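Quick look at structure_2.cif (mmCIF, C-alpha atoms):
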data_work
loop_
_atom_site.label_atom_id
_atom_site.label_comp_id
_atom_site.auth_asym_id
_atom_site.auth_seq_id
_atom_site.Cartn_x
_atom_site.Cartn_y
_atom_site.Cartn_z
CA MET A 1 6.54 -22.03 -2.42
CA GLN A 2 3.15 -22.72 -3.93
CA TRP A 3 -0.14 -24.22 -2.85
CA GLN A 4 -3.67 -24.45 -4.16
CA ALA A 5 -6.83 -24.44 -2.10
CA GLU A 6 -10.40 -23.33 -1.93
CA GLY A 7 -11.09 -20.32 0.20
CA ILE A 8 -13.79 -17.91 1.31
CA VAL A 9 -13.04 -14.19 1.12
CA ILE A 10 -13.11 -12.70 4.64
CA GLY A 11 -11.37 -9.39 4.01
CA THR A 12 -10.03 -7.13 1.28
CA ARG A 13 -7.97 -4.01 1.53
CA LYS A 14 -6.82 -1.70 -1.26
CA GLN A 15 -3.10 -1.87 -1.86
CA GLY A 16 -1.84 0.88 -4.13
CA GLU A 17 -3.86 1.78 -7.14
CA ASN A 18 -4.30 -1.61 -8.75
CA ASN A 19 -3.81 -4.31 -6.16
CA ILE A 20 -5.80 -5.82 -3.34
CA LEU A 21 -4.59 -7.42 -0.16
CA LEU A 22 -6.84 -10.46 0.09
CA GLU A 23 -7.67 -12.32 3.29
CA VAL A 24 -9.27 -15.75 2.95
CA LEU A 25 -10.27 -18.67 5.12
CA THR A 26 -9.19 -22.01 3.70
CA PRO A 27 -9.94 -25.46 5.14
CA ASP A 28 -6.36 -26.69 5.52
CA LYS A 29 -4.25 -23.54 5.62
CA GLY A 30 -6.56 -21.50 7.84
CA ARG A 31 -6.69 -17.73 7.57
CA CYS A 32 -4.27 -16.60 4.88
CA LEU A 33 -3.30 -13.31 3.30
CA GLY A 34 -1.81 -12.50 -0.06
CA LEU A 35 -1.62 -9.80 -2.65
CA VAL A 36 -3.80 -10.00 -5.76
CA ARG A 37 -2.12 -8.13 -8.58
CA GLY A 38 -4.69 -6.16 -10.55
CA GLY A 39 -7.31 -7.01 -7.91
CA ARG A 40 -8.97 -3.64 -8.36
CA SER A 41 -9.62 -4.25 -12.04
CA ARG A 42 -13.16 -4.51 -13.35
CA ARG A 43 -12.57 -8.17 -14.18
CA GLN A 44 -11.30 -9.24 -10.78
CA GLN A 45 -13.22 -7.01 -8.39
CA PRO A 46 -16.55 -8.91 -8.53
CA ALA A 47 -14.76 -12.06 -7.37
CA LEU A 48 -12.92 -10.31 -4.56
CA GLN A 49 -15.96 -9.52 -2.44
CA LEU A 50 -16.61 -10.82 1.06
CA GLY A 51 -18.30 -14.21 1.22
CA ASN A 52 -17.29 -15.36 -2.27
CA HIS A 53 -15.90 -18.87 -2.59
CA LEU A 54 -12.73 -18.96 -4.69
CA ASN A 55 -10.16 -21.35 -6.02
CA LEU A 56 -6.80 -19.93 -4.91
CA THR A 57 -3.22 -20.39 -5.91
CA TRP A 58 -0.71 -18.87 -3.51
CA ARG A 59 2.89 -18.27 -4.55
CA ALA A 60 5.86 -16.81 -2.73
CA ARG A 61 9.62 -17.29 -2.68
CA LEU A 62 9.63 -18.13 1.02
CA ASP A 63 6.87 -19.49 3.20
CA GLU A 64 7.00 -16.53 5.57
CA HIS A 65 6.47 -14.02 2.73
CA LEU A 66 3.11 -12.37 2.18
CA GLY A 67 2.89 -13.98 -1.26
CA PHE A 68 0.63 -13.49 -4.23
CA PHE A 69 -2.77 -15.00 -4.90
CA THR A 70 -4.24 -15.82 -8.24
CA VAL A 71 -7.94 -16.43 -7.95
CA GLU A 72 -10.71 -18.11 -9.84
CA PRO A 73 -14.33 -17.79 -8.71
CA LEU A 74 -16.17 -20.94 -7.63
CA GLN A 75 -19.31 -19.50 -6.04
CA LEU A 76 -20.08 -15.79 -6.05
CA ARG A 77 -22.48 -15.16 -3.21
CA ALA A 78 -21.78 -11.49 -2.53
CA ALA A 79 -24.38 -10.15 -4.98
CA HIS A 80 -27.14 -12.18 -3.26
CA LEU A 81 -25.97 -11.24 0.22
CA MET A 82 -26.00 -7.54 -0.64
CA GLN A 83 -29.77 -7.57 -1.04
CA THR A 84 -30.87 -7.61 2.59
CA ALA A 85 -29.58 -5.76 5.64
CA ARG A 86 -29.61 -8.95 7.70
CA ALA A 87 -27.50 -10.88 5.20
CA ILE A 88 -24.93 -8.16 4.61
CA HIS A 89 -24.52 -7.30 8.30
CA GLY A 90 -24.37 -11.02 9.11
CA LEU A 91 -21.67 -11.47 6.47
CA GLN A 92 -19.65 -8.54 7.84
CA SER A 93 -20.03 -9.84 11.39
CA LEU A 94 -18.93 -13.37 10.47
CA CYS A 95 -15.93 -12.11 8.51
CA ALA A 96 -14.89 -9.86 11.41
CA GLN A 97 -15.03 -12.86 13.73
CA VAL A 98 -13.11 -15.16 11.40
CA ARG A 99 -10.39 -12.52 11.23
CA LEU A 100 -9.84 -13.17 14.94
CA LEU A 101 -8.33 -16.55 14.10
CA PRO A 102 -4.55 -16.76 14.12
CA GLU A 103 -2.97 -16.65 10.67
CA ARG A 104 -2.20 -19.96 8.92
CA ASP A 105 -3.77 -22.05 11.66
CA PRO A 106 -6.15 -24.60 10.10
CA HIS A 107 -9.76 -24.64 11.29
CA PRO A 108 -11.56 -26.91 8.81
CA ASN A 109 -14.73 -27.06 10.95
CA LEU A 110 -15.09 -23.31 10.85
CA PHE A 111 -14.44 -23.21 7.12
CA HIS A 112 -17.16 -25.76 6.37
CA ALA A 113 -19.53 -24.12 8.85
CA LEU A 114 -18.96 -20.70 7.28
CA ASP A 115 -19.58 -22.15 3.84
CA VAL A 116 -22.95 -23.54 4.96
CA ILE A 117 -23.97 -20.42 6.90
CA LEU A 118 -23.32 -18.07 3.99
CA ASP A 119 -25.84 -20.05 1.94
CA HIS A 120 -28.49 -19.59 4.66
CA LEU A 121 -27.90 -16.05 5.89
CA GLU A 122 -30.90 -14.75 3.99
CA ASP A 123 -33.26 -16.84 6.13
CA PRO A 124 -33.58 -15.00 9.46
CA ARG A 125 -34.38 -18.02 11.65
CA ILE A 126 -31.97 -20.54 10.15
CA GLY A 127 -29.30 -17.90 9.61
CA ALA A 128 -29.45 -16.67 13.22
CA ALA A 129 -29.33 -20.19 14.61
CA LEU A 130 -26.35 -21.12 12.45
CA VAL A 131 -24.50 -17.89 13.28
CA LEU A 132 -25.01 -18.56 17.01
CA ARG A 133 -23.67 -22.09 16.67
CA PHE A 134 -20.78 -20.71 14.65
CA GLU A 135 -19.93 -18.26 17.42
CA LEU A 136 -19.97 -21.11 19.96
CA GLU A 137 -17.70 -23.12 17.68
CA LEU A 138 -15.41 -20.12 17.23
CA LEU A 139 -15.08 -19.78 21.01
CA ASN A 140 -14.34 -23.49 21.13
CA GLU A 141 -11.68 -23.33 18.40
CA LEU A 142 -10.03 -20.36 20.09
CA GLY A 143 -9.78 -22.37 23.31
CA PHE A 144 -12.71 -20.84 25.22
CA GLY A 145 -15.40 -23.43 24.55
CA LEU A 146 -18.48 -23.38 26.76
CA ASP A 147 -19.44 -26.60 28.52
CA LEU A 148 -23.18 -26.92 27.96
CA SER A 149 -23.37 -30.68 28.48
CA GLU A 150 -24.02 -30.81 32.24
CA CYS A 151 -24.76 -28.61 35.24
CA ALA A 152 -21.65 -27.03 36.76
CA ALA A 153 -23.13 -27.34 40.28
CA THR A 154 -24.91 -30.69 40.33
CA GLY A 155 -23.64 -32.56 37.28
CA VAL A 156 -27.16 -33.29 36.03
CA THR A 157 -27.88 -33.13 32.30
CA GLU A 158 -31.59 -32.27 32.57
CA GLU A 159 -33.23 -28.82 32.70
CA LEU A 160 -30.13 -26.87 31.80
CA ILE A 161 -31.52 -23.37 31.33
CA TRP A 162 -28.67 -21.06 32.33
CA VAL A 163 -24.97 -20.52 31.77
CA SER A 164 -22.64 -19.20 34.43
CA PRO A 165 -20.98 -15.95 33.23
CA LYS A 166 -17.99 -16.82 35.40
CA SER A 167 -17.19 -20.37 34.28
CA GLY A 168 -18.99 -20.63 30.93
CA ARG A 169 -20.66 -23.86 32.09
CA ALA A 170 -24.33 -24.76 32.03
CA VAL A 171 -26.41 -24.50 35.20
CA CYS A 172 -29.62 -26.45 35.86
CA LYS A 173 -32.92 -24.90 36.93
CA THR A 174 -32.73 -26.08 40.56
CA ALA A 175 -29.14 -25.06 41.23
CA GLY A 176 -29.39 -21.75 39.41
CA GLN A 177 -32.68 -20.49 40.88
CA PRO A 178 -31.09 -18.37 43.67
CA TYR A 179 -28.71 -16.72 41.18
CA ALA A 180 -31.14 -16.37 38.29
CA ALA A 181 -30.57 -12.62 37.92
CA LYS A 182 -26.83 -13.09 37.44
CA LEU A 183 -26.95 -16.07 35.06
CA LEU A 184 -27.19 -15.99 31.28
CA THR A 185 -30.12 -17.72 29.61
CA LEU A 186 -29.27 -20.85 27.63
CA PRO A 187 -31.58 -21.28 24.62
CA GLU A 188 -32.89 -24.79 24.11
CA PHE A 189 -31.50 -25.20 20.60
CA LEU A 190 -27.91 -24.58 21.69
CA LYS A 191 -27.85 -27.52 24.09
CA ALA A 192 -27.76 -30.47 21.74
CA PRO A 193 -24.13 -30.94 20.72
CA GLU A 194 -24.97 -33.49 18.01
CA SER A 195 -26.95 -30.92 16.07
CA ARG A 196 -24.12 -28.40 16.04
CA LEU A 197 -24.18 -26.45 12.81
CA SER A 198 -27.05 -28.55 11.50
CA GLN A 199 -29.23 -26.66 9.04
CA ASN A 200 -32.66 -27.73 10.26
CA ILE A 201 -33.02 -25.36 13.16
CA GLN A 202 -35.86 -22.90 13.70
CA ILE A 203 -35.59 -20.50 16.61
CA SER A 204 -37.90 -18.02 18.31
CA LYS A 205 -37.23 -14.32 18.94
CA GLY A 206 -36.52 -15.10 22.60
CA ASP A 207 -33.99 -17.79 21.65
CA MET A 208 -32.33 -15.39 19.24
CA GLU A 209 -32.01 -12.60 21.82
CA ALA A 210 -30.78 -14.98 24.54
CA GLY A 211 -28.36 -16.69 22.16
CA PHE A 212 -26.71 -13.49 20.98
CA SER A 213 -26.47 -12.18 24.56
CA LEU A 214 -24.80 -15.45 25.59
CA THR A 215 -22.22 -15.72 22.80
CA GLY A 216 -21.69 -11.96 22.76
CA TYR A 217 -20.88 -11.97 26.45
CA PHE A 218 -18.22 -14.65 26.13
CA LEU A 219 -16.78 -13.32 22.86
CA PHE A 220 -16.27 -9.98 24.55
CA LYS A 221 -14.98 -11.45 27.81
CA TYR A 222 -12.53 -13.96 26.33
CA ILE A 223 -11.50 -12.41 23.03
CA TYR A 224 -12.31 -8.77 22.39
CA GLU A 225 -11.59 -7.36 25.84
CA PRO A 226 -8.28 -9.17 26.54
CA ARG A 227 -6.98 -8.36 23.06
CA SER A 228 -8.23 -4.73 23.29
CA ILE A 229 -10.09 -5.13 19.99
CA ALA A 230 -13.07 -2.89 19.30
CA TRP A 231 -16.40 -4.73 19.33
CA PRO A 232 -17.54 -5.13 15.69
CA PRO A 233 -20.49 -2.81 14.97
CA ALA A 234 -21.53 -5.26 12.23
CA ARG A 235 -22.62 -7.78 14.89
CA ASP A 236 -24.87 -5.23 16.59
CA ASN A 237 -26.23 -4.20 13.19
CA TYR A 238 -26.94 -7.87 12.41
CA VAL A 239 -28.84 -8.37 15.67
CA THR A 240 -30.79 -5.15 15.05
CA ALA A 241 -31.70 -6.32 11.54
CA LEU A 242 -32.76 -9.71 12.94
CA ARG A 243 -34.96 -8.04 15.57
CA LYS A 244 -36.84 -6.25 12.79
CA ASP A 245 -37.22 -9.47 10.81
CA PHE A 246 -38.35 -11.50 13.82
CA ALA A 247 -40.92 -8.84 14.68
CA ASP A 248 -42.60 -9.57 11.34
CA LEU A 249 -42.42 -13.36 11.69
CA PRO A 250 -44.95 -15.57 13.54
CA ASP A 251 -43.39 -16.93 16.76
CA MET B 1 23.75 1.29 -3.12
CA SER B 2 22.80 4.99 -3.07
CA THR B 3 21.26 6.53 -6.19
CA ARG B 4 23.36 9.24 -7.80
CA ARG B 5 21.59 12.60 -8.00
CA VAL B 6 20.97 13.94 -11.49
CA ALA B 7 19.43 17.29 -10.55
CA GLY B 8 19.29 19.83 -7.74
CA PRO B 9 17.19 19.25 -4.60
CA GLU B 10 14.38 21.48 -5.92
CA ILE B 11 13.84 19.27 -8.96
CA GLU B 12 14.26 16.13 -6.88
CA ARG B 13 11.56 17.45 -4.56
CA LEU B 14 9.28 18.13 -7.53
CA ILE B 15 9.82 14.56 -8.78
CA GLN B 16 9.20 13.16 -5.32
CA LEU B 17 5.92 15.05 -4.95
CA LEU B 18 4.74 14.20 -8.46
CA SER B 19 5.42 10.52 -7.81
CA LYS B 20 2.82 10.61 -5.04
CA LEU B 21 0.05 11.45 -7.52
CA PRO B 22 -2.29 8.64 -8.58
CA GLY B 23 -1.09 6.89 -11.71
CA LEU B 24 2.47 8.18 -11.41
CA GLY B 25 5.45 6.19 -10.18
CA PRO B 26 8.99 7.51 -9.73
CA ARG B 27 9.85 6.96 -13.39
CA SER B 28 6.77 8.67 -14.84
CA ALA B 29 7.10 11.45 -12.22
CA ARG B 30 10.61 12.07 -13.49
CA ARG B 31 9.27 12.37 -17.06
CA ALA B 32 6.49 14.70 -15.96
CA ALA B 33 8.91 16.87 -13.98
CA LEU B 34 11.28 17.10 -16.92
CA HIS B 35 8.40 18.02 -19.21
CA LEU B 36 7.23 20.73 -16.80
CA VAL B 37 10.71 22.16 -16.38
CA GLN B 38 11.34 22.19 -20.12
CA LYS B 39 7.98 23.91 -20.79
CA LYS B 40 8.30 26.39 -17.99
CA ASP B 41 6.30 29.23 -19.54
CA GLN B 42 3.57 27.15 -21.15
CA LEU B 43 3.08 24.64 -18.33
CA LEU B 44 5.05 25.02 -15.13
CA ILE B 45 4.19 28.64 -14.35
CA PRO B 46 0.45 28.38 -15.22
CA LEU B 47 0.27 25.11 -13.28
CA ALA B 48 1.94 26.65 -10.23
CA GLU B 49 -0.43 29.61 -10.41
CA ALA B 50 -3.47 27.38 -10.81
CA MET B 51 -2.34 25.32 -7.84
CA GLY B 52 -1.81 28.43 -5.77
CA VAL B 53 -5.33 29.60 -6.55
CA ALA B 54 -6.68 26.12 -5.73
CA VAL B 55 -4.87 26.14 -2.39
CA ASP B 56 -6.41 29.50 -1.54
CA GLN B 57 -9.92 28.96 -2.81
CA VAL B 58 -10.87 25.28 -2.90
CA GLY B 59 -12.77 24.03 0.12
CA ILE B 60 -15.37 21.51 1.19
CA CYS B 61 -19.01 22.45 0.68
CA SER B 62 -20.63 22.67 4.11
CA GLU B 63 -23.89 21.43 2.63
CA CYS B 64 -23.03 18.38 0.52
CA GLY B 65 -19.34 17.71 1.21
CA THR B 66 -18.04 18.08 -2.33
CA VAL B 67 -15.01 20.18 -3.26
CA ASP B 68 -15.51 23.57 -4.87
CA THR B 69 -14.30 27.13 -4.78
CA SER B 70 -17.51 28.43 -3.25
CA ASP B 71 -19.51 27.44 -0.20
CA PRO B 72 -22.28 26.37 -0.80
CA CYS B 73 -20.90 24.73 -3.93
CA THR B 74 -22.02 25.36 -7.52
CA ILE B 75 -24.39 22.39 -7.42
CA CYS B 76 -26.00 23.25 -4.08
CA SER B 77 -26.57 26.85 -5.13
CA ASP B 78 -28.00 25.99 -8.57
CA PRO B 79 -31.73 26.90 -8.45
CA ARG B 80 -32.53 24.79 -11.54
CA ARG B 81 -31.74 21.56 -9.72
CA ASP B 82 -34.41 19.43 -8.07
CA GLY B 83 -33.99 20.19 -4.38
CA ALA B 84 -36.34 17.39 -3.36
CA THR B 85 -33.92 14.68 -4.48
CA ILE B 86 -30.54 13.94 -2.96
CA VAL B 87 -28.11 11.53 -4.62
CA VAL B 88 -25.78 10.00 -2.03
CA VAL B 89 -22.32 9.10 -3.35
CA GLU B 90 -19.19 7.71 -1.74
CA ASP B 91 -16.70 10.16 -3.11
CA VAL B 92 -16.33 13.35 -5.12
CA SER B 93 -15.13 11.27 -8.09
CA ASP B 94 -18.50 9.44 -8.07
CA LEU B 95 -20.32 12.78 -8.09
CA TRP B 96 -18.26 13.91 -11.08
CA ALA B 97 -18.99 10.60 -12.85
CA LEU B 98 -22.75 11.05 -12.36
CA GLU B 99 -22.56 14.64 -13.51
CA ARG B 100 -20.70 13.52 -16.65
CA ALA B 101 -23.56 11.13 -17.33
CA SER B 102 -26.07 14.03 -16.98
CA ALA B 103 -28.61 11.45 -15.87
CA VAL B 104 -29.95 13.34 -12.91
CA SER B 105 -30.39 17.00 -12.06
CA ALA B 106 -30.57 16.76 -8.31
CA HIS B 107 -28.56 17.71 -5.29
CA TYR B 108 -25.78 15.46 -4.02
CA HIS B 109 -24.36 14.32 -0.73
CA VAL B 110 -20.78 13.04 -0.52
CA LEU B 111 -20.20 10.50 2.27
CA GLY B 112 -16.42 10.58 2.08
CA GLY B 113 -16.00 6.78 1.97
CA THR B 114 -17.81 3.63 3.05
CA LEU B 115 -18.13 1.70 6.27
CA SER B 116 -15.07 -0.50 6.39
CA PRO B 117 -14.26 -2.47 9.54
CA LEU B 118 -10.84 -3.47 8.17
CA ASP B 119 -9.83 0.15 7.65
CA GLY B 120 -11.45 1.22 10.92
CA ILE B 121 -14.01 3.44 9.20
CA GLY B 122 -17.23 3.64 11.19
CA PRO B 123 -20.44 5.71 10.83
CA ASP B 124 -18.89 8.64 12.74
CA ASP B 125 -16.12 8.90 10.15
CA LEU B 126 -18.62 9.43 7.33
CA ASN B 127 -20.73 12.46 6.48
CA ILE B 128 -23.98 10.72 7.49
CA SER B 129 -25.17 13.02 10.29
CA LYS B 130 -25.20 15.99 7.89
CA LEU B 131 -27.34 13.95 5.47
CA VAL B 132 -29.86 13.26 8.24
CA GLU B 133 -29.77 16.98 9.12
CA ARG B 134 -30.53 17.92 5.51
CA ILE B 135 -33.49 15.55 5.41
CA GLU B 136 -34.76 16.85 8.73
CA GLY B 137 -35.11 20.19 6.93
CA GLY B 138 -38.22 18.68 5.31
CA ALA B 139 -37.62 19.64 1.68
CA VAL B 140 -36.36 16.21 0.58
CA SER B 141 -38.72 13.57 -0.81
CA GLU B 142 -36.27 11.08 -2.32
CA VAL B 143 -32.78 9.87 -1.44
CA ILE B 144 -30.98 7.91 -4.16
CA LEU B 145 -28.18 5.75 -2.77
CA ALA B 146 -25.63 5.75 -5.60
CA VAL B 147 -22.93 3.81 -3.77
CA ASN B 148 -20.67 1.17 -5.27
CA ALA B 149 -21.96 -2.38 -5.73
CA THR B 150 -19.37 -3.73 -3.32
CA VAL B 151 -19.99 -5.33 0.06
CA GLU B 152 -18.71 -2.19 1.81
CA GLY B 153 -20.80 0.10 -0.41
CA GLN B 154 -23.98 -1.90 0.11
CA THR B 155 -23.37 -2.22 3.86
CA THR B 156 -23.22 1.56 3.95
CA ALA B 157 -26.41 1.76 1.88
CA HIS B 158 -28.27 -0.52 4.30
CA PHE B 159 -26.94 1.45 7.26
CA ILE B 160 -28.15 4.74 5.77
CA THR B 161 -31.53 3.19 4.95
CA ASP B 162 -31.89 2.25 8.62
CA GLN B 163 -30.94 5.77 9.67
CA LEU B 164 -33.57 7.24 7.34
CA ALA B 165 -36.33 4.78 8.22
CA ARG B 166 -37.97 7.30 10.57
CA PHE B 167 -38.61 9.74 7.70
CA GLU B 168 -41.78 8.14 6.40
CA ASN B 169 -42.28 10.67 3.61
CA VAL B 170 -38.80 10.16 2.17
CA LYS B 171 -38.42 7.49 -0.48
CA VAL B 172 -35.05 5.73 -0.34
CA THR B 173 -33.97 4.16 -3.63
CA ARG B 174 -30.75 2.67 -4.94
CA LEU B 175 -29.08 2.10 -8.28
CA ALA B 176 -29.96 -1.06 -10.19
CA HIS B 177 -27.40 -3.85 -10.49
CA GLY B 178 -27.14 -5.55 -13.84
CA VAL B 179 -25.47 -6.05 -17.19
CA PRO B 180 -23.10 -3.22 -18.14
CA VAL B 181 -23.08 -1.84 -21.68
CA GLY B 182 -20.62 -3.92 -23.67
CA GLY B 183 -20.81 -6.70 -21.11
CA GLU B 184 -21.07 -10.28 -22.32
CA LEU B 185 -23.32 -12.56 -20.32
CA ASP B 186 -20.79 -15.38 -20.52
CA TYR B 187 -18.27 -13.32 -18.57
CA LEU B 188 -20.63 -11.93 -15.94
CA ASP B 189 -20.62 -13.33 -12.43
CA GLU B 190 -23.72 -15.31 -11.51
CA GLY B 191 -24.72 -12.87 -8.77
CA THR B 192 -24.91 -9.95 -11.18
CA LEU B 193 -26.76 -12.08 -13.71
CA ALA B 194 -29.32 -13.11 -11.11
CA GLN B 195 -29.79 -9.47 -10.11
CA ALA B 196 -30.16 -8.42 -13.73
CA LEU B 197 -32.83 -11.06 -14.29
CA ARG B 198 -34.70 -10.05 -11.14
CA ALA B 199 -34.67 -6.39 -12.19
CA ARG B 200 -35.68 -7.07 -15.81
CA THR B 201 -37.92 -4.53 -17.53
CA LYS B 202 -40.58 -4.80 -20.23
CA PHE B 203 -39.07 -4.53 -23.70
#

What would the structure in this file look like if it were written as structure tokens?
Amino acid sequence: MQWQAEGIVIGTRKQGENNILLEVLTPDKGRCLGLVRGGRSRRQQPALQLGNHLNLTWRARLDEHLGFFTVEPLQLRAAHLMQTARAIHGLQSLCAQVRLLPERDPHPNLFHALDVILDHLEDPRIGAALVLRFELELLNELGFGLDLSECAATGVTEELIWVSPKSGRAVCKTAGQPYAAKLLTLPEFLKAPESRLSQNIQISKGDMEAGFSLTGYFLFKYIYEPRSIAWPPARDNYVTALRKDFADLPD
Amino acid sequence: MSTRRVAGPEIERLIQLLSKLPGLGPRSARRAALHLVQKKDQLLIPLAEAMGVAVDQVGICSECGTVDTSDPCTICSDPRRDGATIVVVEDVSDLWALERASAVSAHYHVLGGTLSPLDGIGPDDLNISKLVERIEGGAVSEVILAVNATVEGQTTAHFITDQLARFENVKVTRLAHGVPVGGELDYLDEGTLAQALRARTKF
């Protein structure tokens, strides 16, 4: 068995003294694992860092085997992403979330989205907005998509400012008023489905806080809690780093 | 098919234990064991004695986390070292590497690893609280983060920087990233090259 694909490194683990167990996200093969012989060598280690974009060749005798990767770097982003706390925590958070995907299940949308986001993580506003849209898309791809197109109570598409924590559907201002304390705030920029994962988004500190509370709530409720997976500290670290950055930015 | 034994269980046990050492597989462990057994007086007995002494005396320094036969360790109790500077390293091997380089005469702090979500290593698994405690003592003016230039290493560095942000009088620095000696630009990854250019110095 052999295939070739592009992939983004989402996890590495030392295997013995010389090898690395590499985890990548590819557009057509999804999340894949394989052993990189000599992956801990000085020559290979710079390429095998989270966030790097690689050209991969996977080989194994049988399809169900772990297999071996040979890698060639295409775009090495890790060195740039290491420079700021926000970028490195964002990278760790995204990789932890991508590792939630089932193995060898293709998610081309998420691959392309991740590729774009990693190029913009250093910008706090654009990076945060893209990460939030990515988390919504991740929920969607895992079968827990939120319906933000119309009000769950009245069916209207105007003034959608909340999301029901129970159903994951949007709620309009009028219908949600009596339950405002229990509802989650829906930031304006997350409503427009056509701009999903678009790069030209600028968000405020309030939008950022509300957005991460919203996606965090549903990620925990639908994915982390049922699977008994520990909440990734990297996500909290990312939000903390963003808070500091947003405090220094004009609103 | 079962492997036929070539020696008694004591030697087999020696081979088995040696094969667990870094750099040794079953074959090289067999060679090492044979060499030790054949040079019993010159090697095996002194080695066994040295290991016995190490078992009895080697411990972890309660101050910096390195391994030594005394507590506090030789480095922590050396009065000639600059007590105002702490070099934070991931592992004891990194401390030894920096000491070999003789580039700094400061105190050290061994973290015992890096933050690694995949391996389930979080801040509580590292020796970070002791570092904060040492800085709270007030004698430290600079912390040099000498962690690896990997994503895990740098995540740890950023995490420690956040933890130390409240100590306004403590300067937190980190090692430069750039071109290694003997490195050819053509073979360097673009990230390292960009870092090297950004951190260029006057010639």

Using the chain letters and numbers from this file, what does the PyMOL selection byres ((chain B) within 7 of (chain A)) select? Give the answer as an mmCIF file with C-alpha atoms, in the frame of the given file.
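Result file follows (selection_16.cif):
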data_model
loop_
_atom_site.group_PDB
_atom_site.id
_atom_site.type_symbol
_atom_site.label_atom_id
_atom_site.label_comp_id
_atom_site.auth_asym_id
_atom_site.auth_seq_id
_atom_site.Cartn_x
_atom_site.Cartn_y
_atom_site.Cartn_z
ATOM 1 C CA THR B 150 -19.370 -3.730 -3.320
ATOM 2 C CA VAL B 151 -19.990 -5.330 0.060
ATOM 3 C CA GLN B 154 -23.980 -1.900 0.110
ATOM 4 C CA THR B 155 -23.370 -2.220 3.860
ATOM 5 C CA HIS B 158 -28.270 -0.520 4.300
ATOM 6 C CA ASP B 189 -20.620 -13.330 -12.430
ATOM 7 C CA GLU B 190 -23.720 -15.310 -11.510
ATOM 8 C CA GLY B 191 -24.720 -12.870 -8.770
ATOM 9 C CA THR B 192 -24.910 -9.950 -11.180
#

Exercise. Check the smallest atom-to-atom distance from each of A:Asp207, A:Asp119, A:His107, A:Met1 to A:Gly67 using only C-alpha atoms, then report the winner.
Key: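 Using only C-alpha atoms, A:Gly67 sits closest to A:Met1.
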
Practice problem: Evaluate the PyMOL selection byres ((chain A and resi 149) around 10) on the structure here and hand back the selected residues as a PyMOL selection string. | Solution: chain A and resi 146-148+150-152+155-158+160+169-171+191-193

Quiz item: Which neighbours of B:Glu99 fall inside 12 Å, counting only C-alpha atoms, when residues of the same chain fewer than 6 positions from it are skipped, and could you give them as a list in words?
Solution: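 With the cut-off at 12 Å, the set is Ile75, Val87, Val89, Val92, Ser93, Ser105, Ala106, His107 and Tyr108 of chain B.
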
Quiz prompt | Test item: the PyMOL selection byres ((chain B and resi 32-34) around 8) resolved as a list in words | solution =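 When the PyMOL selection byres ((chain B and resi 32-34) around 8) is applied, the selected residues are Ile11, Leu14, Ile15, Leu18, Ser28, Ala29, Arg30, Arg31, His35, Leu36, Val37 and Gln38 of chain B.
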
Quiz item: Could you tell me, as a VMD selection string, which residues have any atom at most 10 Å from (-21.0, 14.5, -1.7), counting all atoms listed in the file?
Solution: chain B and resid 60 to 61 63 to 67 86 to 96 107 to 113 127 131

Self-check item: d(atom CA of A:Val71, atom CA of A:Gln15) in Å
Solution: 16.5 Å

Practice problem: May I ask for the distance between atom CA of B:Gly182 and atom CA of A:Ser41, given in Å to one decimal place? | Solution: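 It comes out at 16.0 Å.
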
Self-check item: Within 8 Å of file point (-20.4, 29.3, 1.3), counting only C-alpha atoms, expressed as a PyMOL selection string
Solution: chain B and resi 61-62+70-73

Quick one: residues within 9 Å of stretch 59-61 of chain A, all atoms listed in the file counted, chain neighbours fewer than 6 positions away excluded, as a short mmCIF file (atom, residue, chain, number, x, y, z; two decimals) with C-alpha atoms, in the coordinates of the input?
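The new file around_38.cif reads:
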data_model
loop_
_atom_site.label_atom_id
_atom_site.label_comp_id
_atom_site.auth_asym_id
_atom_site.auth_seq_id
_atom_site.Cartn_x
_atom_site.Cartn_y
_atom_site.Cartn_z
CA MET A 1 6.54 -22.03 -2.42
CA GLN A 2 3.15 -22.72 -3.93
CA TRP A 3 -0.14 -24.22 -2.85
CA GLY A 34 -1.81 -12.50 -0.06
CA GLY A 67 2.89 -13.98 -1.26
CA PHE A 68 0.63 -13.49 -4.23
CA PHE A 69 -2.77 -15.00 -4.90
CA THR A 70 -4.24 -15.82 -8.24
#

Practice problem: Write out as a list in words which residues come within 12 Å of stretch 140-142 of chain B when counting all atoms listed in the file, dropping same-chain ones fewer than 4 positions away. | Solution: Asp82, Gly83, Ala84, Thr85, Ile86, Val87, Val88, Ala106, His107, Tyr108, Leu131, Val132, Glu133, Arg134, Ile135, Glu136, Thr161, Leu164, Phe167, Glu168, Asn169, Val170, Lys171, Val172, Thr173 and Arg174 of chain B
